Every structure is written in C-alpha cells, then in structure tokens.
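> Structure file entry-v4.cif, mmCIF, N, CA and C atoms, is pasted below:
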```
data_upload
#
loop_
_atom_site.label_atom_id
_atom_site.label_comp_id
_atom_site.auth_asym_id
_atom_site.auth_seq_id
_atom_site.Cartn_x
_atom_site.Cartn_y
_atom_site.Cartn_z
N MET A 1 9.97 -16.38 17.50
CA MET A 1 8.82 -15.83 16.80
C MET A 1 8.99 -16.08 15.31
N ASP A 2 7.99 -16.65 14.70
CA ASP A 2 8.04 -16.93 13.27
C ASP A 2 7.75 -15.68 12.44
N LYS A 3 8.37 -15.63 11.29
CA LYS A 3 8.09 -14.59 10.31
C LYS A 3 7.03 -15.18 9.38
N ILE A 4 5.95 -14.44 9.16
CA ILE A 4 4.82 -14.93 8.36
C ILE A 4 4.68 -14.07 7.11
N ALA A 5 4.80 -14.71 5.95
CA ALA A 5 4.61 -14.01 4.68
C ALA A 5 3.12 -13.83 4.42
N LEU A 6 2.75 -12.68 3.90
CA LEU A 6 1.34 -12.34 3.66
C LEU A 6 1.09 -12.10 2.18
N THR A 7 0.17 -12.87 1.61
CA THR A 7 -0.29 -12.64 0.25
C THR A 7 -1.81 -12.81 0.24
N PRO A 8 -2.55 -11.70 0.30
CA PRO A 8 -4.01 -11.79 0.26
C PRO A 8 -4.49 -12.41 -1.05
N LYS A 9 -5.69 -12.94 -1.04
CA LYS A 9 -6.29 -13.54 -2.25
C LYS A 9 -6.45 -12.52 -3.37
N THR A 10 -6.46 -11.24 -3.01
CA THR A 10 -6.61 -10.18 -4.01
C THR A 10 -5.32 -9.89 -4.75
N HIS A 11 -4.22 -10.50 -4.34
CA HIS A 11 -2.90 -10.23 -4.90
C HIS A 11 -2.35 -11.44 -5.63
N THR A 12 -1.58 -11.19 -6.67
CA THR A 12 -0.91 -12.27 -7.39
C THR A 12 0.30 -12.73 -6.59
N THR A 13 0.77 -13.92 -6.88
CA THR A 13 2.01 -14.39 -6.28
C THR A 13 3.14 -13.51 -6.81
N PRO A 14 3.99 -13.02 -5.93
CA PRO A 14 5.10 -12.16 -6.39
C PRO A 14 5.97 -12.88 -7.43
N PRO A 15 6.50 -12.14 -8.40
CA PRO A 15 7.29 -12.74 -9.47
C PRO A 15 8.71 -13.13 -9.04
N ALA A 16 9.12 -12.74 -7.85
CA ALA A 16 10.45 -13.07 -7.34
C ALA A 16 10.32 -13.49 -5.88
N LYS A 17 11.41 -13.76 -5.22
CA LYS A 17 11.41 -14.22 -3.83
C LYS A 17 11.20 -13.06 -2.86
N PHE A 18 9.98 -12.53 -2.84
CA PHE A 18 9.61 -11.54 -1.85
C PHE A 18 8.13 -11.72 -1.53
N SER A 19 7.70 -11.07 -0.47
CA SER A 19 6.31 -11.17 -0.02
C SER A 19 5.65 -9.81 -0.14
N HIS A 20 4.33 -9.82 -0.31
CA HIS A 20 3.59 -8.55 -0.32
C HIS A 20 3.64 -7.90 1.06
N GLY A 21 3.74 -8.73 2.07
CA GLY A 21 3.86 -8.24 3.43
C GLY A 21 4.45 -9.33 4.30
N VAL A 22 5.01 -8.91 5.43
CA VAL A 22 5.59 -9.85 6.37
C VAL A 22 5.25 -9.39 7.79
N ARG A 23 4.83 -10.36 8.60
CA ARG A 23 4.58 -10.05 10.01
C ARG A 23 5.48 -10.93 10.87
N LYS A 24 6.07 -10.29 11.86
CA LYS A 24 6.85 -11.01 12.87
C LYS A 24 6.51 -10.38 14.20
N GLY A 25 5.89 -11.17 15.07
CA GLY A 25 5.42 -10.63 16.34
C GLY A 25 4.38 -9.55 16.08
N ASN A 26 4.62 -8.38 16.64
CA ASN A 26 3.65 -7.29 16.45
C ASN A 26 4.08 -6.29 15.38
N ILE A 27 5.10 -6.64 14.58
CA ILE A 27 5.57 -5.76 13.50
C ILE A 27 5.07 -6.31 12.16
N LEU A 28 4.50 -5.44 11.35
CA LEU A 28 4.02 -5.83 10.03
C LEU A 28 4.55 -4.83 9.01
N GLN A 29 5.30 -5.33 8.04
CA GLN A 29 5.81 -4.49 6.96
C GLN A 29 5.07 -4.84 5.68
N VAL A 30 4.45 -3.85 5.07
CA VAL A 30 3.80 -4.01 3.77
C VAL A 30 4.80 -3.56 2.70
N ALA A 31 5.07 -4.45 1.76
CA ALA A 31 5.97 -4.12 0.66
C ALA A 31 5.32 -3.09 -0.24
N GLY A 32 6.12 -2.45 -1.07
CA GLY A 32 5.59 -1.45 -1.99
C GLY A 32 4.46 -2.01 -2.84
N GLN A 33 3.34 -1.31 -2.82
CA GLN A 33 2.15 -1.70 -3.58
C GLN A 33 1.86 -0.65 -4.65
N VAL A 34 1.29 -1.11 -5.73
CA VAL A 34 0.90 -0.22 -6.83
C VAL A 34 -0.57 -0.42 -7.12
N GLY A 35 -1.08 0.31 -8.11
CA GLY A 35 -2.50 0.30 -8.41
C GLY A 35 -2.97 -0.82 -9.31
N PHE A 36 -2.59 -2.06 -8.99
CA PHE A 36 -3.09 -3.20 -9.75
C PHE A 36 -4.48 -3.59 -9.26
N LEU A 37 -5.32 -3.97 -10.21
CA LEU A 37 -6.63 -4.51 -9.89
C LEU A 37 -6.47 -5.80 -9.10
N PRO A 38 -7.52 -6.23 -8.38
CA PRO A 38 -7.45 -7.52 -7.71
C PRO A 38 -7.10 -8.63 -8.71
N ALA A 39 -6.35 -9.59 -8.22
CA ALA A 39 -5.84 -10.68 -9.07
C ALA A 39 -6.97 -11.52 -9.66
N GLU A 40 -6.78 -11.92 -10.91
CA GLU A 40 -7.66 -12.87 -11.58
C GLU A 40 -6.78 -14.00 -12.09
N GLU A 41 -7.14 -15.23 -11.75
CA GLU A 41 -6.34 -16.38 -12.15
C GLU A 41 -6.12 -16.40 -13.66
N GLY A 42 -4.89 -16.61 -14.04
CA GLY A 42 -4.54 -16.69 -15.45
C GLY A 42 -4.29 -15.36 -16.14
N LYS A 43 -4.50 -14.26 -15.42
CA LYS A 43 -4.28 -12.94 -16.01
C LYS A 43 -3.09 -12.27 -15.32
N PRO A 44 -2.28 -11.55 -16.08
CA PRO A 44 -1.16 -10.83 -15.46
C PRO A 44 -1.69 -9.64 -14.65
N PRO A 45 -0.88 -9.13 -13.72
CA PRO A 45 -1.30 -7.93 -12.99
C PRO A 45 -1.63 -6.80 -13.96
N THR A 46 -2.76 -6.12 -13.69
CA THR A 46 -3.26 -5.09 -14.58
C THR A 46 -3.51 -3.79 -13.81
N PRO A 47 -2.94 -2.67 -14.24
CA PRO A 47 -3.24 -1.40 -13.57
C PRO A 47 -4.73 -1.07 -13.64
N VAL A 48 -5.24 -0.44 -12.59
CA VAL A 48 -6.65 -0.08 -12.51
C VAL A 48 -7.04 0.92 -13.59
N GLY A 49 -6.15 1.78 -13.97
CA GLY A 49 -6.43 2.79 -14.98
C GLY A 49 -5.26 3.74 -15.09
N PRO A 50 -5.36 4.71 -15.98
CA PRO A 50 -4.21 5.58 -16.24
C PRO A 50 -4.09 6.79 -15.32
N THR A 51 -5.13 7.10 -14.52
CA THR A 51 -5.09 8.36 -13.76
C THR A 51 -4.47 8.17 -12.37
N LEU A 52 -3.93 9.25 -11.85
CA LEU A 52 -3.37 9.23 -10.50
C LEU A 52 -4.47 8.90 -9.49
N ARG A 53 -5.65 9.44 -9.67
CA ARG A 53 -6.77 9.17 -8.74
C ARG A 53 -7.06 7.67 -8.68
N GLU A 54 -7.26 7.05 -9.84
CA GLU A 54 -7.56 5.61 -9.87
C GLU A 54 -6.46 4.81 -9.20
N GLN A 55 -5.22 5.12 -9.57
CA GLN A 55 -4.10 4.33 -9.06
C GLN A 55 -3.86 4.57 -7.57
N THR A 56 -4.02 5.79 -7.09
CA THR A 56 -3.82 6.07 -5.67
C THR A 56 -4.84 5.33 -4.82
N LEU A 57 -6.11 5.42 -5.19
CA LEU A 57 -7.15 4.76 -4.40
C LEU A 57 -6.99 3.24 -4.42
N GLN A 58 -6.64 2.66 -5.58
CA GLN A 58 -6.43 1.22 -5.66
C GLN A 58 -5.19 0.81 -4.86
N THR A 59 -4.15 1.62 -4.92
CA THR A 59 -2.93 1.31 -4.17
C THR A 59 -3.22 1.31 -2.67
N LEU A 60 -3.95 2.30 -2.19
CA LEU A 60 -4.32 2.33 -0.78
C LEU A 60 -5.16 1.11 -0.41
N ASP A 61 -6.08 0.71 -1.27
CA ASP A 61 -6.87 -0.50 -1.01
C ASP A 61 -5.98 -1.74 -0.98
N ASN A 62 -4.97 -1.79 -1.84
CA ASN A 62 -4.06 -2.93 -1.85
C ASN A 62 -3.22 -2.99 -0.57
N VAL A 63 -2.78 -1.83 -0.09
CA VAL A 63 -2.05 -1.79 1.18
C VAL A 63 -2.98 -2.27 2.30
N ARG A 64 -4.21 -1.77 2.31
CA ARG A 64 -5.19 -2.15 3.35
C ARG A 64 -5.42 -3.66 3.35
N SER A 65 -5.50 -4.28 2.18
CA SER A 65 -5.72 -5.73 2.10
C SER A 65 -4.61 -6.50 2.80
N ILE A 66 -3.39 -6.05 2.64
CA ILE A 66 -2.26 -6.73 3.28
C ILE A 66 -2.27 -6.47 4.78
N LEU A 67 -2.57 -5.25 5.18
CA LEU A 67 -2.71 -4.97 6.61
C LEU A 67 -3.73 -5.90 7.24
N GLU A 68 -4.89 -6.02 6.61
CA GLU A 68 -5.95 -6.86 7.14
C GLU A 68 -5.54 -8.34 7.16
N GLU A 69 -4.84 -8.78 6.14
CA GLU A 69 -4.36 -10.16 6.08
C GLU A 69 -3.44 -10.45 7.28
N GLY A 70 -2.72 -9.44 7.73
CA GLY A 70 -1.81 -9.60 8.86
C GLY A 70 -2.42 -9.24 10.20
N GLY A 71 -3.73 -8.96 10.23
CA GLY A 71 -4.40 -8.65 11.48
C GLY A 71 -4.28 -7.20 11.91
N ALA A 72 -3.97 -6.32 10.98
CA ALA A 72 -3.78 -4.90 11.31
C ALA A 72 -4.82 -4.05 10.59
N GLY A 73 -4.85 -2.79 10.94
CA GLY A 73 -5.70 -1.81 10.29
C GLY A 73 -4.93 -0.51 10.15
N TRP A 74 -5.57 0.49 9.59
CA TRP A 74 -4.89 1.77 9.37
C TRP A 74 -4.41 2.41 10.67
N ASP A 75 -5.13 2.23 11.78
CA ASP A 75 -4.68 2.82 13.03
C ASP A 75 -3.40 2.18 13.57
N ASP A 76 -3.04 1.02 13.06
CA ASP A 76 -1.79 0.37 13.46
C ASP A 76 -0.59 0.87 12.66
N VAL A 77 -0.83 1.61 11.59
CA VAL A 77 0.26 2.05 10.71
C VAL A 77 1.01 3.20 11.37
N MET A 78 2.32 3.00 11.46
CA MET A 78 3.21 4.02 12.03
C MET A 78 3.81 4.91 10.95
N MET A 79 4.06 4.31 9.76
CA MET A 79 4.75 5.04 8.70
C MET A 79 4.24 4.60 7.34
N LEU A 80 3.97 5.56 6.49
CA LEU A 80 3.65 5.32 5.08
C LEU A 80 4.70 6.02 4.24
N ARG A 81 5.18 5.32 3.23
CA ARG A 81 6.10 5.92 2.27
C ARG A 81 5.43 5.90 0.91
N VAL A 82 5.34 7.07 0.31
CA VAL A 82 4.67 7.24 -0.98
C VAL A 82 5.72 7.62 -2.01
N TYR A 83 5.70 6.93 -3.13
CA TYR A 83 6.62 7.21 -4.23
C TYR A 83 5.80 7.62 -5.44
N LEU A 84 6.04 8.82 -5.93
CA LEU A 84 5.36 9.33 -7.13
C LEU A 84 6.35 9.39 -8.28
N THR A 85 5.86 9.29 -9.50
CA THR A 85 6.74 9.37 -10.66
C THR A 85 6.80 10.77 -11.24
N ASP A 86 6.00 11.70 -10.69
CA ASP A 86 5.94 13.05 -11.25
C ASP A 86 5.74 14.06 -10.12
N VAL A 87 6.64 15.00 -9.99
CA VAL A 87 6.55 16.02 -8.95
C VAL A 87 5.25 16.81 -9.05
N ASP A 88 4.69 16.94 -10.24
CA ASP A 88 3.44 17.68 -10.42
C ASP A 88 2.23 16.96 -9.81
N HIS A 89 2.39 15.73 -9.35
CA HIS A 89 1.29 14.96 -8.76
C HIS A 89 1.15 15.15 -7.24
N PHE A 90 2.08 15.89 -6.63
CA PHE A 90 2.06 16.04 -5.17
C PHE A 90 0.72 16.58 -4.67
N THR A 91 0.24 17.67 -5.23
CA THR A 91 -0.99 18.30 -4.73
C THR A 91 -2.19 17.37 -4.87
N GLU A 92 -2.35 16.76 -6.03
CA GLU A 92 -3.48 15.85 -6.24
C GLU A 92 -3.39 14.65 -5.30
N MET A 93 -2.20 14.09 -5.15
CA MET A 93 -2.05 12.93 -4.27
C MET A 93 -2.37 13.33 -2.83
N ASN A 94 -1.90 14.49 -2.38
CA ASN A 94 -2.20 14.93 -1.01
C ASN A 94 -3.70 15.09 -0.80
N ASP A 95 -4.40 15.63 -1.78
CA ASP A 95 -5.86 15.78 -1.68
C ASP A 95 -6.54 14.41 -1.59
N LEU A 96 -6.12 13.47 -2.43
CA LEU A 96 -6.68 12.11 -2.41
C LEU A 96 -6.37 11.42 -1.08
N TYR A 97 -5.14 11.55 -0.62
CA TYR A 97 -4.67 10.96 0.63
C TYR A 97 -5.51 11.48 1.80
N ASN A 98 -5.67 12.82 1.86
CA ASN A 98 -6.44 13.42 2.95
C ASN A 98 -7.89 12.94 2.95
N ALA A 99 -8.52 12.91 1.79
CA ALA A 99 -9.91 12.45 1.70
C ALA A 99 -10.03 10.98 2.07
N TYR A 100 -9.11 10.16 1.60
CA TYR A 100 -9.15 8.73 1.90
C TYR A 100 -9.06 8.50 3.40
N PHE A 101 -8.08 9.14 4.05
CA PHE A 101 -7.89 8.88 5.47
C PHE A 101 -8.94 9.55 6.34
N GLU A 102 -9.54 10.62 5.86
CA GLU A 102 -10.67 11.19 6.58
C GLU A 102 -11.82 10.19 6.62
N ALA A 103 -12.05 9.49 5.52
CA ALA A 103 -13.10 8.48 5.46
C ALA A 103 -12.79 7.25 6.32
N GLN A 104 -11.52 7.03 6.64
CA GLN A 104 -11.13 5.88 7.47
C GLN A 104 -11.31 6.15 8.96
N ALA A 105 -11.58 7.39 9.32
CA ALA A 105 -11.78 7.79 10.72
C ALA A 105 -10.61 7.39 11.61
N LEU A 106 -9.39 7.71 11.17
CA LEU A 106 -8.21 7.40 11.96
C LEU A 106 -8.23 8.15 13.28
N THR A 107 -7.71 7.51 14.33
CA THR A 107 -7.58 8.22 15.60
C THR A 107 -6.40 9.18 15.54
N GLN A 108 -5.31 8.77 14.89
CA GLN A 108 -4.15 9.62 14.66
C GLN A 108 -3.56 9.24 13.31
N PRO A 109 -3.15 10.21 12.50
CA PRO A 109 -2.55 9.87 11.21
C PRO A 109 -1.15 9.30 11.40
N PRO A 110 -0.72 8.43 10.47
CA PRO A 110 0.64 7.90 10.56
C PRO A 110 1.65 8.96 10.10
N ALA A 111 2.89 8.73 10.43
CA ALA A 111 3.96 9.53 9.83
C ALA A 111 4.00 9.16 8.35
N ALA A 112 4.44 10.06 7.52
CA ALA A 112 4.47 9.77 6.09
C ALA A 112 5.57 10.57 5.42
N ARG A 113 6.02 10.05 4.31
CA ARG A 113 6.94 10.81 3.47
C ARG A 113 6.58 10.50 2.03
N THR A 114 6.79 11.48 1.19
CA THR A 114 6.55 11.32 -0.24
C THR A 114 7.80 11.73 -0.98
N THR A 115 8.17 10.94 -1.95
CA THR A 115 9.34 11.24 -2.76
C THR A 115 9.02 10.96 -4.22
N VAL A 116 9.77 11.57 -5.10
CA VAL A 116 9.60 11.31 -6.53
C VAL A 116 10.60 10.24 -6.91
N TYR A 117 10.09 9.21 -7.55
CA TYR A 117 10.90 8.06 -7.96
C TYR A 117 10.49 7.70 -9.37
N VAL A 118 11.40 7.69 -10.28
CA VAL A 118 11.04 7.47 -11.69
C VAL A 118 11.27 6.03 -12.15
N GLY A 119 11.52 5.12 -11.23
CA GLY A 119 11.83 3.75 -11.62
C GLY A 119 10.67 2.79 -11.66
N LEU A 120 9.43 3.26 -11.55
CA LEU A 120 8.29 2.35 -11.64
C LEU A 120 8.09 1.90 -13.08
N PRO A 121 7.48 0.72 -13.27
CA PRO A 121 7.19 0.27 -14.63
C PRO A 121 6.33 1.28 -15.38
N PRO A 122 6.44 1.31 -16.70
CA PRO A 122 5.67 2.26 -17.50
C PRO A 122 4.17 2.21 -17.18
N GLY A 123 3.57 3.39 -17.06
CA GLY A 123 2.14 3.49 -16.80
C GLY A 123 1.77 3.55 -15.34
N LEU A 124 2.68 3.14 -14.44
CA LEU A 124 2.40 3.21 -13.01
C LEU A 124 2.87 4.55 -12.46
N LEU A 125 2.01 5.20 -11.68
CA LEU A 125 2.27 6.56 -11.22
C LEU A 125 2.59 6.67 -9.74
N ILE A 126 2.27 5.61 -8.97
CA ILE A 126 2.41 5.71 -7.51
C ILE A 126 2.71 4.33 -6.93
N GLU A 127 3.49 4.33 -5.86
CA GLU A 127 3.76 3.12 -5.07
C GLU A 127 3.73 3.54 -3.61
N ILE A 128 3.18 2.67 -2.75
CA ILE A 128 3.08 2.97 -1.32
C ILE A 128 3.48 1.74 -0.53
N ASP A 129 4.31 1.94 0.51
CA ASP A 129 4.57 0.86 1.46
C ASP A 129 4.22 1.35 2.85
N ALA A 130 4.09 0.42 3.80
CA ALA A 130 3.65 0.79 5.14
C ALA A 130 4.33 -0.08 6.19
N LEU A 131 4.53 0.51 7.35
CA LEU A 131 5.02 -0.20 8.53
C LEU A 131 3.97 -0.07 9.62
N ALA A 132 3.52 -1.21 10.14
CA ALA A 132 2.50 -1.20 11.19
C ALA A 132 3.05 -1.90 12.44
N VAL A 133 2.60 -1.44 13.60
CA VAL A 133 2.91 -2.08 14.87
C VAL A 133 1.57 -2.38 15.54
N LEU A 134 1.34 -3.66 15.78
CA LEU A 134 0.09 -4.09 16.38
C LEU A 134 0.21 -4.13 17.90
N ASP A 135 -0.93 -4.04 18.58
CA ASP A 135 -0.93 -4.07 20.04
C ASP A 135 -0.48 -5.43 20.57
N SER A 136 -0.81 -6.49 19.85
CA SER A 136 -0.52 -7.84 20.30
C SER A 136 0.45 -8.53 19.36
N PRO A 137 1.44 -9.27 19.91
CA PRO A 137 2.36 -10.00 19.05
C PRO A 137 1.78 -11.31 18.54
N GLY A 138 0.52 -11.62 18.86
CA GLY A 138 -0.10 -12.87 18.43
C GLY A 138 -0.16 -13.00 16.92
N VAL A 139 -0.33 -14.22 16.45
CA VAL A 139 -0.39 -14.51 15.02
C VAL A 139 -1.74 -14.10 14.48
N ALA A 140 -1.73 -13.57 13.26
CA ALA A 140 -2.97 -13.13 12.61
C ALA A 140 -3.87 -14.30 12.32
#
```
In structure tokens, how does this file's structure come out?

Amino acid sequence: MDKIALTPKTHTTPPAKFSHGVRKGNILQVAGQVGFLPAEEGKPPTPVGPTLREQTLQTLDNVRSILEEGGAGWDDVMMLRVYLTDVDHFTEMNDLYNAYFEAQALTQPPAARTTVYVGLPPGLLIEIDALAVLDSPGVA
C-alpha cells in the first residue's frame, strides 16, 4: 500500500520535509494545522486574523480541506488534538468547536483532547491535527 502525501490547493508547500496530510490505505493523518488563509502564489502564509474565533474557524476549515483531499470527511475522524497557547481560551474554543460541529451534522463526535502549548509562532493561538479512518482502503 502506497503512502500518499496530501497538499490541497488551498495550502502552501510545507517549508520542510513533511506533508499537510498523509493517507495510507484507510488511515489518514492530518498534520497540525493553524489559522492561515488559503494560499496565494507568491505570498507567505498569513494568519486569518488576531482573534481566537477567526483562527479556530479557519483552522477547522484547513483540517477539513486536507480530509477532503484524502477522500475523508468529519465523520471519518476518530481523534482531534487541539493545542491552545492560552489556558483562558478553553471556554471560547469549546463554544466555537461545539457550534462548528453542530453545523457539520456529525453522526458521532470524534474523541478529542485539548492541551496548552506555548510553542506556536507569534500571533498564532491554536493548532489542530486529526486522525481519520475511512471505510475503504482505496486511493482518494
């Protein structure tokens, strides 16, 4: 089974030897995503804005883009890991998370964990990665 690197058109080429996502068989791992706007040729990655709301919603959209590139959707996600830079953001992030996934009409929510991590680049408030298992091991 081949390992397939995933980089949607909305994402810039990673600056190092890693992929935004990787699919092998029916397993899809989305690398940590942040709230960067969709890629524009010739422009560096740019945060969507300074607020947790803006960055959380854009980060979730960026994760979704990689899932879709690999043939998956939110219902295929088994685990989400959320990294915040400020413990005071837990309540707001949970409210945004709940509203976002309510709008996605999930059949069952994924397992999730949230931790505080202060190593994100300046200005970035949230990072999310995901693990999905698809029904079929076929190629996207």
> Stretch 11-80 of chain A near stretch 102-118 of chain A within 7 Å: what's each residue's closest atom pair and its distance in Å to one decimal, counting only C-alpha atoms, ordered by chain then ascending residue number, as a Markdown table?

```
| residue | atom | partner | partner_atom | distance |
| --- | --- | --- | --- | --- |
| A:Asp75 | CA | A:Leu106 | CA | 5.9 |
| A:Val77 | CA | A:Pro110 | CA | 5.9 |
| A:Met78 | CA | A:Pro110 | CA | 4.9 |
| A:Met79 | CA | A:Ala111 | CA | 4.7 |
| A:Leu80 | CA | A:Ala112 | CA | 4.6 |
```
> Please indicate the distance in Å from atom C of A:Lys24 to atom CA of A:Ile128, rounded to one decimal place.
20.8 Å
> Given the file shown, determine the residues that the PyMOL selection byres ((chain A and resi 19) around 7) selects; report them as a ChimeraX atom specification.
/A:5-7,14,16-18,20-22,30-31
> Let me make sure I understand: among A:Pro15, A:Asp135, A:Asp129, A:Asp2, which one has the smallest atom-to-atom distance to A:Asp76 if we use only N, CA and C atoms?
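Ranked by minimum distance to A:Asp76, first place goes to A:Asp135.
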> Given the choices A:Ile66, A:Gly32, A:Ile4, A:Thr12, which gets closest to A:Tyr83 if the distance is worked out from only C-alpha atoms?
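That would be A:Gly32, the residue with the smallest distance to A:Tyr83.
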> Could you jot down the atom N of A:Asn98 to atom C of A:Ser136 separation for me, Å, one decimal place?
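One can read the atom N of A:Asn98 to atom C of A:Ser136 distance as 28.3 Å.
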> For A:Leu124, list every protein, DNA or RNA residue within 7 Å, evaluated using all atoms listed in the file, and leave out those in the same chain fewer than 4 positions away; present the list as a PyMOL selection string.
chain A and resi 35+85+120
> For the structure provided, state which residues fall under the PyMOL selection byres ((chain A and resi 36-48) around 8), and present them as a PyMOL selection string.
chain A and resi 8-13+33-35+49-51+54-55+58-59+62+123-124
> Expanded to explicit residues, what is the PyMOL selection byres (((chain A and resi 94 and name CA) around 12) and name CA) for this file, as JSON, numbers by chain?
{"A": [52, 53, 56, 57, 82, 84, 87, 88, 89, 90, 91, 92, 93, 95, 96, 97, 98, 99, 100, 101, 102, 112, 113, 114]}
> Could you pull out the residues in chain A that DSSP calls helix (DSSP H, G or I) from the backbone, as a short mmCIF file (atom, residue, chain, number, x, y, z; two decimals) with N, CA and C atoms, in the frame of the given file?

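Result went into selection06.cif, see below:
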```cif
data_model
loop_
_atom_site.label_atom_id
_atom_site.label_comp_id
_atom_site.auth_asym_id
_atom_site.auth_seq_id
_atom_site.Cartn_x
_atom_site.Cartn_y
_atom_site.Cartn_z
N LEU A 52 -3.93 9.25 -11.85
CA LEU A 52 -3.37 9.23 -10.50
C LEU A 52 -4.47 8.90 -9.49
N ARG A 53 -5.65 9.44 -9.67
CA ARG A 53 -6.77 9.17 -8.74
C ARG A 53 -7.06 7.67 -8.68
N GLU A 54 -7.26 7.05 -9.84
CA GLU A 54 -7.56 5.61 -9.87
C GLU A 54 -6.46 4.81 -9.20
N GLN A 55 -5.22 5.12 -9.57
CA GLN A 55 -4.10 4.33 -9.06
C GLN A 55 -3.86 4.57 -7.57
N THR A 56 -4.02 5.79 -7.09
CA THR A 56 -3.82 6.07 -5.67
C THR A 56 -4.84 5.33 -4.82
N LEU A 57 -6.11 5.42 -5.19
CA LEU A 57 -7.15 4.76 -4.40
C LEU A 57 -6.99 3.24 -4.42
N GLN A 58 -6.64 2.66 -5.58
CA GLN A 58 -6.43 1.22 -5.66
C GLN A 58 -5.19 0.81 -4.86
N THR A 59 -4.15 1.62 -4.92
CA THR A 59 -2.93 1.31 -4.17
C THR A 59 -3.22 1.31 -2.67
N LEU A 60 -3.95 2.30 -2.19
CA LEU A 60 -4.32 2.33 -0.78
C LEU A 60 -5.16 1.11 -0.41
N ASP A 61 -6.08 0.71 -1.27
CA ASP A 61 -6.87 -0.50 -1.01
C ASP A 61 -5.98 -1.74 -0.98
N ASN A 62 -4.97 -1.79 -1.84
CA ASN A 62 -4.06 -2.93 -1.85
C ASN A 62 -3.22 -2.99 -0.57
N VAL A 63 -2.78 -1.83 -0.09
CA VAL A 63 -2.05 -1.79 1.18
C VAL A 63 -2.98 -2.27 2.30
N ARG A 64 -4.21 -1.77 2.31
CA ARG A 64 -5.19 -2.15 3.35
C ARG A 64 -5.42 -3.66 3.35
N SER A 65 -5.50 -4.28 2.18
CA SER A 65 -5.72 -5.73 2.10
C SER A 65 -4.61 -6.50 2.80
N ILE A 66 -3.39 -6.05 2.64
CA ILE A 66 -2.26 -6.73 3.28
C ILE A 66 -2.27 -6.47 4.78
N LEU A 67 -2.57 -5.25 5.18
CA LEU A 67 -2.71 -4.97 6.61
C LEU A 67 -3.73 -5.90 7.24
N GLU A 68 -4.89 -6.02 6.61
CA GLU A 68 -5.95 -6.86 7.14
C GLU A 68 -5.54 -8.34 7.16
N GLU A 69 -4.84 -8.78 6.14
CA GLU A 69 -4.36 -10.16 6.08
C GLU A 69 -3.44 -10.45 7.28
N TRP A 74 -5.57 0.49 9.59
CA TRP A 74 -4.89 1.77 9.37
C TRP A 74 -4.41 2.41 10.67
N ASP A 75 -5.13 2.23 11.78
CA ASP A 75 -4.68 2.82 13.03
C ASP A 75 -3.40 2.18 13.57
N ASP A 76 -3.04 1.02 13.06
CA ASP A 76 -1.79 0.37 13.46
C ASP A 76 -0.59 0.87 12.66
N VAL A 87 6.64 15.00 -9.99
CA VAL A 87 6.55 16.02 -8.95
C VAL A 87 5.25 16.81 -9.05
N ASP A 88 4.69 16.94 -10.24
CA ASP A 88 3.44 17.68 -10.42
C ASP A 88 2.23 16.96 -9.81
N HIS A 89 2.39 15.73 -9.35
CA HIS A 89 1.29 14.96 -8.76
C HIS A 89 1.15 15.15 -7.24
N PHE A 90 2.08 15.89 -6.63
CA PHE A 90 2.06 16.04 -5.17
C PHE A 90 0.72 16.58 -4.67
N THR A 91 0.24 17.67 -5.23
CA THR A 91 -0.99 18.30 -4.73
C THR A 91 -2.19 17.37 -4.87
N GLU A 92 -2.35 16.76 -6.03
CA GLU A 92 -3.48 15.85 -6.24
C GLU A 92 -3.39 14.65 -5.30
N MET A 93 -2.20 14.09 -5.15
CA MET A 93 -2.05 12.93 -4.27
C MET A 93 -2.37 13.33 -2.83
N ASN A 94 -1.90 14.49 -2.38
CA ASN A 94 -2.20 14.93 -1.01
C ASN A 94 -3.70 15.09 -0.80
N ASP A 95 -4.40 15.63 -1.78
CA ASP A 95 -5.86 15.78 -1.68
C ASP A 95 -6.54 14.41 -1.59
N LEU A 96 -6.12 13.47 -2.43
CA LEU A 96 -6.68 12.11 -2.41
C LEU A 96 -6.37 11.42 -1.08
N TYR A 97 -5.14 11.55 -0.62
CA TYR A 97 -4.67 10.96 0.63
C TYR A 97 -5.51 11.48 1.80
N ASN A 98 -5.67 12.82 1.86
CA ASN A 98 -6.44 13.42 2.95
C ASN A 98 -7.89 12.94 2.95
N ALA A 99 -8.52 12.91 1.79
CA ALA A 99 -9.91 12.45 1.70
C ALA A 99 -10.03 10.98 2.07
N TYR A 100 -9.11 10.16 1.60
CA TYR A 100 -9.15 8.73 1.90
C TYR A 100 -9.06 8.50 3.40
N PHE A 101 -8.08 9.14 4.05
CA PHE A 101 -7.89 8.88 5.47
C PHE A 101 -8.94 9.55 6.34
N GLU A 102 -9.54 10.62 5.86
CA GLU A 102 -10.67 11.19 6.58
C GLU A 102 -11.82 10.19 6.62
N ALA A 103 -12.05 9.49 5.52
CA ALA A 103 -13.10 8.48 5.46
C ALA A 103 -12.79 7.25 6.32
#
```
> Just to confirm, what's the straight-line distance from atom CA of A:Glu127 to atom CA of A:Ile27 in Å (one decimal)?
20.7 Å
> Run DSSP on the backbone and tell me which residues of chain A come out as strand (DSSP E or B); list them as number ranges by chain.
A: 3-6, 21-24, 27-33, 36, 47, 77-84, 111-116, 126-133
